[in-house]
Every structure is written in C-alpha cells, then in structure tokens.
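S.K.: Below is a structure I'd like to ask you about.
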Amino acid sequence: MVKSKTNNQKTKQPVPAKGGSASGGNQSPRPPVVVVLGHIDHGKTSLLDAIRKTQVAAKEAGGITQKIGAYQVETSGRKITFIDTPGHEAFSKMRERGARVADVAVLVVAANDGVKPQTVEAIAHAKAAEIPLVVAINKVDLASPQDITKVKGQLVKEGVVVEDQGGESPAVAVSATTGQGVPELLEMIGLVADLLELKSDPAGELEAIVIESSLSSQQGPLATLVVKKGTLKVGDPIFAGAVAGKVKALIDDRSQRLTGANPGDPVQVLGFSAVPAVGATVSSQESVVSSRAEEPSRPTDQLTKQPDNQTTSLNVILRADTQGSLEAIEAALAGLGTEVKRINPLLKSVGPIADSDIRLAAVSKGVVLGFNVPVGSSAQRLADDLGVGVRSFTIIYELLEVAEKLLSGAQVLEEEKKAPEAEVLATFTLHSGDVVAGVRVLNGKIKYRDRINVFRGAPTREAVGVPTEASGAGEEGPVHEGRIRGLKVGKDEVQEAKAGQEAGILIKPDFEFKKGDRIVVI
Ligand code: GDP
C-alpha cells in the first residue's frame with residue numbers, strides 16, 4: 001500500500017480569512033484521524049500512552065497534557081490525530097450516527113498472544129468503515145521473531161495480508177513498554193494517510209464530530225470534537241442535533257486555550273447548552289441534517305452499493321454454534337448471490353449473538369444471522385433500538401431462504417418486527433377473578449392498549465424462524481382476541497414492555513391464559 005507518494009502534509013494549516021470561500025474552494029491537506037483497535041490486553045491503551053509520551057518529551061513547551069478523548073502528535077512535520085478511546089465498541093458507537101470518524105485504523109496484535117476473537121472483530125469494523133489498516137505487532141519485547149511471523153500468518157487467514165508477504169497492509173513491530181518501533185509506526189501511519197490525500201477547506205462550512213462528551217459540575221457540558229471541515233472558533237454558534245450552544249472556550253490536549261481549531265484537530269469545547277451525543281455531527285447552522293444526526297442511523301435498505309458501483313452486497317454478521325456449521329453456512333451463502341448481488345460475510349464467529357454484532361450490523365447497514373445460537377436479550381433490545389435485523393435459525397435451509405430474500409431486497413427481518421410477541425410463563429388469578437398472564441416479551445415492544453391475538457398449542461411460525469406474511473398467524477389460528485387493559489413490569493404500571501423484559505398482562509374481555517400461550521400484537 002505504501003509505495004509511491006511523498007509527504008504532502010508539511011504545510012502548516014492555514015487559518016482561514018473571515019468569510020472564506022464555500023466548501024470545495026481552498027482545499028488544504030488535513031491531519032488524519034486514527035483509531036486504535038484490537039483484542040483486550042493486547043496493549044491498545046499502553047500504545048496510545050507511548051505515542052503521546054514521545055511527543056511530550058519532544059515538546060517541552062507543550063504544557064501539561066490532559067485527557068480529552070483525543071490528542072495530536074507531530075512526526076516528520078506531519079500532524080496525526082489519535083482518538084484516545086481504544087476498541088471497536090467505542091469506535092462503532094461513534095459511527096452509529098453515520099459519522100465518518102477515523103481515516104486510518106491501527107490494529108494492535110500482541111505478538112505473544114496472536115490473533116484473537118476481538119482482533120477478528122476489529123478487522124471487520126475497519127472493513128465496514130472502509131478505512132486502511134496499519135498493523136502494530138505489540139509486545140515484541142516479550143516475543144521471538146517466530147512469534148511475529150506466526151501473527152502475520154494468522155492475519156492472512158483473516159484477510160489481512162501484510163506488506164512483506166505481498167499484501168497491502170503495513171505491519172510494524174512495536175513495544176508500548178520500551179517504546180521500540182513507535183516512531184516507525186507513526187511514520188507508517190503518516191505514509192498511509194498521505195495516500196488517502198485527505199483534504200479539507202478550512203474556510204468552508206463547519207463539520208465536526210463529537211467523540212466524547214460529559215457533564216462537568218464546574219464547567220457544564222463538555223464535548224471533545226474532531227473537526228472534519230471548516231474551522232471552529234470561539235464565539236461561533238454550534239449545533240449538534242437538538243443541542244445548541246455558542247463556543248465559550250476551546251482547549252486542546254495540552255490544556256492550551258485556542259482561538260480556533262482547524263480540520264483534523266481535536267479540541268474540547270465549552271459552551272454547549274446540554275451534553276451532545278457521541279457521534280453527533282456539529283455544524284454552525286441548525287440544519288435538517290444535524291437534527292437528523294440525533295437519531296441513530298437506521299438501515300432502511302440493507303443492500304449497499306460497492307465502491308465499483310456495479311455490485312450490490314448484503315453485509316452479514318454470522319454466528320453459529322460450532323466452527324463446522326459456520327463453515328457450512330458460509331459456503332452455502334457464497335453460492336447464493338449473482339455476479340452483481342452478493343453476500344458479504346463481514347464477520348463469522350462461534351457463540352451467542354452479542355451487542356458487538358448488532359453494532360457492527362448497524363454501522364455496516366447489515367444484518368445478523370445466527371444458527372443454533374441465542375440472541376441475547378440485550379442484543380435484541382439494541383437491535384430494536386438501532387433498527388437492525390437479527391434472527392437465529394435452527395434449520396440451515398431456512399437461514400438460506402431468508403438470506404436469499406434479503407439479497408433480493410425484501411425487508412423480511414424488518415417486517416417481523418411489526419408484530420411484537422410475548423410468551424406466557426405463568427398465570428395468576430386476582431381477587432376480581434381476572435387472570436393475569438406473567439409473560440416474557442420475545443420481540444418488539446408490547447404496549448398498554450395494544451390489540452392482541454392469543455395463540456395456543458402449535459407455536460407460531462416465527463417461533464421456529466420462518467417468516468410469515470401475516471405475522472403471528474399460527475397453524476391453528478388465534479384462540480382469543482382482546483386488548484391489553486393492564487401492563488406491569490415488576491410492581492409498576494408501565495406504558496410498554498420491551499423484548500427481553502418480563503411483564504404482567506391483563507386483557508379484556510376476560511380470558512383464561514395458560515402457560516405456553518403466545519401473545520401477538522395485531
Ligand atoms: P488494552 O486492553 O489493549 O488497552 O491493553 P493495555 O494497554 O491495558 O495493556 C494490557 C497489559 O499489557 C498491561 O499490563 C500492559 O502493561 C501490558 N503491555 C502493553 N504493551 C506491552 C508491551 O509492549 N510489552 C509488555 N511487556 N507489556 C505490555
């Protein structure tokens with residue numbers, strides 16, 4: 001990947017004149033924004049600290065550093081901005097609102113531990129974000145040259161081919177503890193960023209992204225932004241979704257007060273009227289776009305166009321109970337598509353469907369399909385909140401059938417969400433003689449006053465994973481139709497109960513529930 005281009009970022013960022021040209025005018029190089037990903041304990045935090053430390057030593061005039069969620073370093077005349085919260089959970093949270101946060105990802109792999117599940121997830125996240133990877137093989141102070149070679153081999157299996165093996169991804173051996181290799185890593189990040197030719201107009205309209213926010217008891221709402229376009233200045237009006245404000249102060253990672261922040265710069269902002277959401281886009285005008293950014297991005301069309309514009313693909317996060325079934329499903333899915341429509345298995349792993357799968361699906365506009373694995377209740381809730389299609393199957397054929405429908409553009413997983421469903425776990429008779437059903441909500445939200453059907457006996461078709469046209473229509477038809485007249489979670493009367501929650505339901509006309517009944521909202 002790093003072959004020909006030379007450093008094009010030596011020029012200092014010009015501070016724009018007042019009333020500068022519209023965006024598209026005076027494009028200047030801007031520093032890259034880098035995120036650090038990798039498996040837990042592989043040294044992400046230590047590496048971020050080591051990188052920051054090289055600078056503090058080099059720049060004594062820099063003042064006291066403070067953690068604001070991002071920092072900037074300078075190497076060979078280039079500035080590089082690092083997001084100081086490592087890990088793909090934080091990264092995908094930033095991306096959930098559709099913001100393009102980072103330009104380059106550093107993948108940290110401990111040489112003495114090798115590629116691990118979160119390494120694989122991190123690769124999938126970088127792939128979904130379409131950003132280049134620089135591999136940092138860390139803890140080389142504890143490892144042998146053979147360990148490093150082994151890591152490179154493991155990475156190839158995950159689709160990351162490092163440069164010295166003929167691939168595209170640069171790899172640098174580092175030690176966060178001794179500092180070995182850190183300058184080379186920075187150099188490499190700079191070279192990769194040069195190839196991206198990142199440019200922005202400092203005089204253009206402001207676009208910044210909230211990467212961290214909090215409420216300080218002394219200073220009020222605080223937010224760290226990375227400026228992507230335009231210049232942020234003290235006194236500017238600012239809008240992040242529904243949160244407005246006026247910049248009172250700008251403070252950098254060395255506790256220096258600034259008058260303005262240019263494209264690529266991280267800066268802490270005082271002056272928001274409330275705490276803005278992480279990932280929200282900040283602009284200097286209240287716009288439809290910025291208020292929409294308050295809402296998590298909802299994948300309305302799961303088929304995404306590929307950069308070549310010829311093919312569309314469906315990003316799928318696959319989970320299965322065993323490695324064997326995972327491989328069988330992957331092979332079958334590969335056979336489903338056509339030349340222009342194909343399934344892109346973004347991440348394949350063994351184990352229950354987790355929150356991280358839902359987040360990856362949300363940011364990659366994909367779906368999560370499972371085989372013989374449970375959908376965790378928190379994963380289901382997150383999927384509902386983010387509008388992500390998720391389903392687990394017990395029959396491979398049915399999984400393939402749904403994948404094929406999704407590939408043809410049908411929103412089969414979305415449709416299912418329209419019929420919230422609950423299962424009766426127990427029944428209680430009140431003094432009044434009314435029978436209350438103690439239920440677990442299986443999917444969607446059940447609301448007070450919803451109209452419902454009650455099914456008994458053969459489970460509804462959804463329960464075994466087959467989508468139905470009229471959701472909830474079991475083989476036998478409903479045994480009762482009614483309306484929810486009482487809804488409690490714990491001791492509290494509530495307006496709604498969500499997937500994963502247990503609730504008490506009273507319906508009218510009175511009906512005698514039985515354990516195992518299924519309640520489906522009409
Ligand atoms: P993270 O979970 O990926 O952020 O990992 P940390 O940065 O917290 O590091 C996990 C552990 O590995 C800590 O005990 C670090 O001191 C140690 N560690 C990190 N980098 C290195 C390294 O290069 N060499 C050695 N020997 N230990 C390291």
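Convention: chains lettered A, B, ... in structure tokens order; per-chain residue numbering from 1; ligands numbered from 1 as shown.
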So which residues of stretch 244-388 of chain A fall under alpha helix (DSSP H) by DSSP, listed as a PyMOL selection string?
M.R.: chain A and resi 288-292+323-334+355-363+377-386
S.K.: Env of A:Thr45: 7 Å cut, atoms = only C-alpha atoms, seq-sep filter 3 positions within chain, self excluded. Answer as a short mmCIF file (atom, residue, chain, number, x, y, z; two decimals) with N, CA, C and O atoms, in the first residue's frame.
M.R.:
```cif
data_model
loop_
_atom_site.label_atom_id
_atom_site.label_comp_id
_atom_site.auth_asym_id
_atom_site.auth_seq_id
_atom_site.Cartn_x
_atom_site.Cartn_y
_atom_site.Cartn_z
N LEU A 48 -1.26 3.88 22.97
CA LEU A 48 -1.71 5.28 22.87
C LEU A 48 -0.92 6.16 23.84
O LEU A 48 -0.56 7.28 23.52
N ASP A 49 -0.66 5.62 25.03
CA ASP A 49 0.12 6.39 26.01
C ASP A 49 1.57 6.55 25.54
O ASP A 49 2.16 7.63 25.70
N PRO A 86 -9.66 3.53 22.94
CA PRO A 86 -9.42 2.43 22.01
C PRO A 86 -10.57 1.42 22.00
O PRO A 86 -11.40 1.43 22.90
#
```
S.K.: May I have the residues within 6 Å of ligand 1, computed using only C-alpha atoms and all ligand atoms, as a PyMOL selection string?
M.R.: chain A and resi 39-46+138-139+141-142+175-177
S.K.: Please produce a file of the residues just selected, as a short mmCIF file (atom, residue, chain, number, x, y, z; two decimals), in the first residue's frame, where the atoms kept are C-alpha atoms.
M.R.:
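Okay, part.cif is ready:
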```cif
data_model
loop_
_atom_site.label_atom_id
_atom_site.label_comp_id
_atom_site.auth_asym_id
_atom_site.auth_seq_id
_atom_site.Cartn_x
_atom_site.Cartn_y
_atom_site.Cartn_z
CA HIS A 39 -8.11 -7.53 21.36
CA ILE A 40 -8.35 -6.74 25.06
CA ASP A 41 -4.99 -6.60 26.88
CA HIS A 42 -3.01 -6.53 23.64
CA GLY A 43 -1.77 -3.07 24.59
CA LYS A 44 -4.03 -0.52 22.88
CA THR A 45 -4.11 1.85 25.85
CA SER A 46 -0.40 1.40 26.51
CA ASN A 138 2.94 -5.22 20.01
CA LYS A 139 4.81 -6.64 23.00
CA ASP A 141 9.90 -7.24 23.99
CA LEU A 142 8.25 -10.47 25.13
CA SER A 175 6.67 -2.41 22.19
CA ALA A 176 4.47 0.00 24.08
CA THR A 177 6.56 -0.72 27.16
#
```
S.K.: Find the residues near A:Val172: any atom within 9 Å, counting only C-alpha atoms, skip ones fewer than 4 places away on the same chain, and give them as a list in words.
M.R.: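 Using only C-alpha atoms, the neighbours found are Val134, Val135, Ala136, Ile137, Asn138, Gly181, Val182, Glu184, Leu185 and Met188 of chain A.
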S.K.: From the set A:Gly366, A:Glu286, A:Pro374, A:Gly438, which residue has the shortest atom-to-atom contact distance to A:Pro237, counting only C-alpha atoms?
M.R.: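 Answer, going by the shortest atom-to-atom distance: A:Glu286.
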S.K.: I'd like to know which of A:Val108, A:Ala361, A:Ala410, A:Pro31 is closest to A:Ala129, using only C-alpha atoms.
M.R.: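 Smallest distance to A:Ala129 is found for A:Ala361.
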S.K.: Compare A:Ile446, A:Val436, A:Ala379, A:Ile317 by their minimum atom-to-atom distance to A:Leu506, counting only C-alpha atoms, and give me the closest one.
M.R.: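 Answer, going by the shortest atom-to-atom distance: A:Val436.
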S.K.: Which residues come within 12 Å of A:Gln66, counting only C-alpha atoms, excluding same-chain residues fewer than 6 positions away, as a PDB file with N, CA, C and O atoms, in the first residue's frame?
M.R.:
```pdb
ATOM      1  N   ASP A  49      -0.659   5.619  25.030  1.00  0.00           N
ATOM      2  CA  ASP A  49       0.124   6.387  26.013  1.00  0.00           C
ATOM      3  C   ASP A  49       1.566   6.554  25.543  1.00  0.00           C
ATOM      4  O   ASP A  49       2.157   7.627  25.702  1.00  0.00           O
ATOM      5  N   ARG A  52       1.747   9.197  22.826  1.00  0.00           N
ATOM      6  CA  ARG A  52       1.601  10.529  23.413  1.00  0.00           C
ATOM      7  C   ARG A  52       2.895  10.949  24.131  1.00  0.00           C
ATOM      8  O   ARG A  52       3.337  12.088  24.027  1.00  0.00           O
ATOM      9  N   VAL A  56       5.399  14.448  24.278  1.00  0.00           N
ATOM     10  CA  VAL A  56       5.571  15.300  25.449  1.00  0.00           C
ATOM     11  C   VAL A  56       7.052  15.550  25.676  1.00  0.00           C
ATOM     12  O   VAL A  56       7.470  16.666  25.924  1.00  0.00           O
ATOM     13  N   GLN A  72      -3.158  15.056  19.586  1.00  0.00           N
ATOM     14  CA  GLN A  72      -2.470  15.193  18.299  1.00  0.00           C
ATOM     15  C   GLN A  72      -0.963  15.110  18.518  1.00  0.00           C
ATOM     16  O   GLN A  72      -0.455  15.652  19.509  1.00  0.00           O
ATOM     17  N   ASP A  84      -8.464   8.740  21.570  1.00  0.00           N
ATOM     18  CA  ASP A  84      -7.834   8.180  22.759  1.00  0.00           C
ATOM     19  C   ASP A  84      -8.677   7.094  23.433  1.00  0.00           C
ATOM     20  O   ASP A  84      -8.300   6.565  24.462  1.00  0.00           O
ATOM     21  N   THR A 224     -15.610  16.810  23.386  1.00  0.00           N
ATOM     22  CA  THR A 224     -14.408  16.837  22.553  1.00  0.00           C
ATOM     23  C   THR A 224     -14.832  16.551  21.126  1.00  0.00           C
ATOM     24  O   THR A 224     -15.542  15.580  20.853  1.00  0.00           O
ATOM     25  N   ILE A 251     -10.170  24.183  24.150  1.00  0.00           N
ATOM     26  CA  ILE A 251      -8.975  23.765  24.891  1.00  0.00           C
ATOM     27  C   ILE A 251      -8.406  22.523  24.221  1.00  0.00           C
ATOM     28  O   ILE A 251      -9.159  21.604  23.882  1.00  0.00           O
ATOM     29  N   ASP A 252      -7.092  22.496  24.018  1.00  0.00           N
ATOM     30  CA  ASP A 252      -6.500  21.336  23.361  1.00  0.00           C
ATOM     31  C   ASP A 252      -5.990  20.323  24.387  1.00  0.00           C
ATOM     32  O   ASP A 252      -6.181  20.502  25.599  1.00  0.00           O
ATOM     33  N   ASP A 253      -5.337  19.254  23.889  1.00  0.00           N
ATOM     34  CA  ASP A 253      -4.930  18.168  24.775  1.00  0.00           C
ATOM     35  C   ASP A 253      -3.727  18.544  25.637  1.00  0.00           C
ATOM     36  O   ASP A 253      -3.259  17.744  26.432  1.00  0.00           O
ATOM     37  N   ARG A 254      -3.196  19.756  25.440  1.00  0.00           N
ATOM     38  CA  ARG A 254      -2.119  20.217  26.313  1.00  0.00           C
ATOM     39  C   ARG A 254      -2.596  21.333  27.239  1.00  0.00           C
ATOM     40  O   ARG A 254      -1.817  22.190  27.668  1.00  0.00           O
ATOM     41  N   SER A 255      -3.901  21.373  27.441  1.00  0.00           N
ATOM     42  CA  SER A 255      -4.537  22.366  28.314  1.00  0.00           C
ATOM     43  C   SER A 255      -4.335  23.790  27.814  1.00  0.00           C
ATOM     44  O   SER A 255      -4.393  24.745  28.595  1.00  0.00           O
ATOM     45  N   GLN A 256      -4.039  23.942  26.533  1.00  0.00           N
ATOM     46  CA  GLN A 256      -3.862  25.282  25.968  1.00  0.00           C
ATOM     47  C   GLN A 256      -5.204  25.801  25.473  1.00  0.00           C
ATOM     48  O   GLN A 256      -5.948  25.063  24.819  1.00  0.00           O
ATOM     49  N   VAL A 267     -10.385  18.980  19.767  1.00  0.00           N
ATOM     50  CA  VAL A 267     -10.478  20.111  20.692  1.00  0.00           C
ATOM     51  C   VAL A 267     -11.642  19.922  21.647  1.00  0.00           C
ATOM     52  O   VAL A 267     -12.676  19.371  21.272  1.00  0.00           O
ATOM     53  N   GLN A 268     -11.417  20.340  22.878  1.00  0.00           N
ATOM     54  CA  GLN A 268     -12.514  20.287  23.839  1.00  0.00           C
ATOM     55  C   GLN A 268     -13.262  21.615  23.800  1.00  0.00           C
ATOM     56  O   GLN A 268     -12.640  22.679  23.787  1.00  0.00           O
TER      57      GLN A 268
END
```
S.K.: Pick out the residues sitting within 6 Å of A:Gly230, and hand them over as a count of residues only; count only C-alpha atoms, and ignore anything fewer than 6 positions along from it in its own chain.
M.R.: 6
S.K.: Enumerate the residues of stretch 13-191 of chain A with a DSSP assignment of strand (DSSP E or B), computed from the backbone, and present them as a PyMOL selection string.
M.R.: chain A and resi 28-29+33-38+70-75+78-83+104-110+133-138+162+169+171-173
S.K.: Using only C-alpha atoms, which protein or nucleic acid residues come within 8 Å of A:Ser377? Drop anything in the same chain fewer than 3 positions from it, and give the result as number ranges by chain.
M.R.: A: 380-381, 499-500
S.K.: Would you work out the distance separating atom CA of A:Asp265 from atom CA of A:Leu215, expressed in Å to one decimal?
M.R.: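 Spanning atom CA of A:Asp265 to atom CA of A:Leu215 is a straight-line distance of 21.9 Å.
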S.K.: Residues within 10 Å of stretch 160-171 of chain A, please, as a VMD selection string. Count only C-alpha atoms; anything in the same chain fewer than 2 positions from it doesn't count.
M.R.: chain A and resid 1 to 3 106 to 108 120 123 132 to 137 152 to 158 173 to 174 184 to 185 188 to 189 191 to 192
S.K.: Could you take the residues named above and write them with C-alpha atoms, as a PDB file, in the first residue's frame?
M.R.:
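The resulting out.pdb:
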```pdb
ATOM      1  CA  MET A   1       0.000   0.000   0.000  1.00  0.00           C
ATOM      2  CA  VAL A   2       2.716   2.483   0.900  1.00  0.00           C
ATOM      3  CA  LYS A   3       4.700   2.763  -2.285  1.00  0.00           C
ATOM      4  CA  VAL A 106      -4.174   0.802  13.886  1.00  0.00           C
ATOM      5  CA  LEU A 107      -4.746  -2.875  14.628  1.00  0.00           C
ATOM      6  CA  VAL A 108      -2.858  -3.891  17.755  1.00  0.00           C
ATOM      7  CA  VAL A 120     -11.138 -10.507  14.053  1.00  0.00           C
ATOM      8  CA  ILE A 123     -10.726  -6.191  11.271  1.00  0.00           C
ATOM      9  CA  PRO A 132      -6.986   1.208   5.775  1.00  0.00           C
ATOM     10  CA  LEU A 133      -5.286  -0.794   8.499  1.00  0.00           C
ATOM     11  CA  VAL A 134      -1.797  -0.418   9.878  1.00  0.00           C
ATOM     12  CA  VAL A 135      -0.858  -3.460  11.954  1.00  0.00           C
ATOM     13  CA  ALA A 136       1.069  -2.854  15.170  1.00  0.00           C
ATOM     14  CA  ILE A 137       2.532  -6.143  16.357  1.00  0.00           C
ATOM     15  CA  LYS A 152       1.389 -12.436  10.189  1.00  0.00           C
ATOM     16  CA  GLY A 153       0.258 -15.909   9.132  1.00  0.00           C
ATOM     17  CA  GLN A 154      -2.801 -15.701  11.377  1.00  0.00           C
ATOM     18  CA  LEU A 155      -3.696 -12.298   9.943  1.00  0.00           C
ATOM     19  CA  VAL A 156      -3.624 -13.687   6.399  1.00  0.00           C
ATOM     20  CA  LYS A 157      -6.354 -16.144   7.430  1.00  0.00           C
ATOM     21  CA  GLU A 158      -8.476 -13.145   8.419  1.00  0.00           C
ATOM     22  CA  ALA A 173       6.806  -4.461  15.323  1.00  0.00           C
ATOM     23  CA  VAL A 174       6.444  -2.324  18.449  1.00  0.00           C
ATOM     24  CA  GLU A 184       8.364   3.776  12.798  1.00  0.00           C
ATOM     25  CA  LEU A 185       4.677   3.143  13.463  1.00  0.00           C
ATOM     26  CA  MET A 188       3.927   4.387   8.620  1.00  0.00           C
ATOM     27  CA  ILE A 189       0.590   5.904   9.681  1.00  0.00           C
ATOM     28  CA  LEU A 191       2.598   7.395   4.808  1.00  0.00           C
ATOM     29  CA  VAL A 192      -0.717   5.554   4.684  1.00  0.00           C
TER      30      VAL A 192
END
```
S.K.: Name the closest residue to A:Phe428 among the candidates A:Glu512, A:Asp236, A:Glu502, A:Glu187; distances are taken between atoms, counting only C-alpha atoms.
M.R.: A:Glu512
S.K.: Rounded to one decimal in Å, what is the spacing between atom CA of A:Lys233 and atom CA of A:Val247?
M.R.: 7.0 Å
S.K.: Name the closest residue to A:Ala277 among the candidates A:Lys93, A:Lys79, A:Lys498, A:Lys508; distances are taken between atoms, counting only C-alpha atoms.
M.R.: A:Lys93
S.K.: Atom CA of A:Asp113 and atom CA of A:Ser325 are how many Å apart?
M.R.: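 Between atom CA of A:Asp113 and atom CA of A:Ser325 the gap is 26.2 Å.
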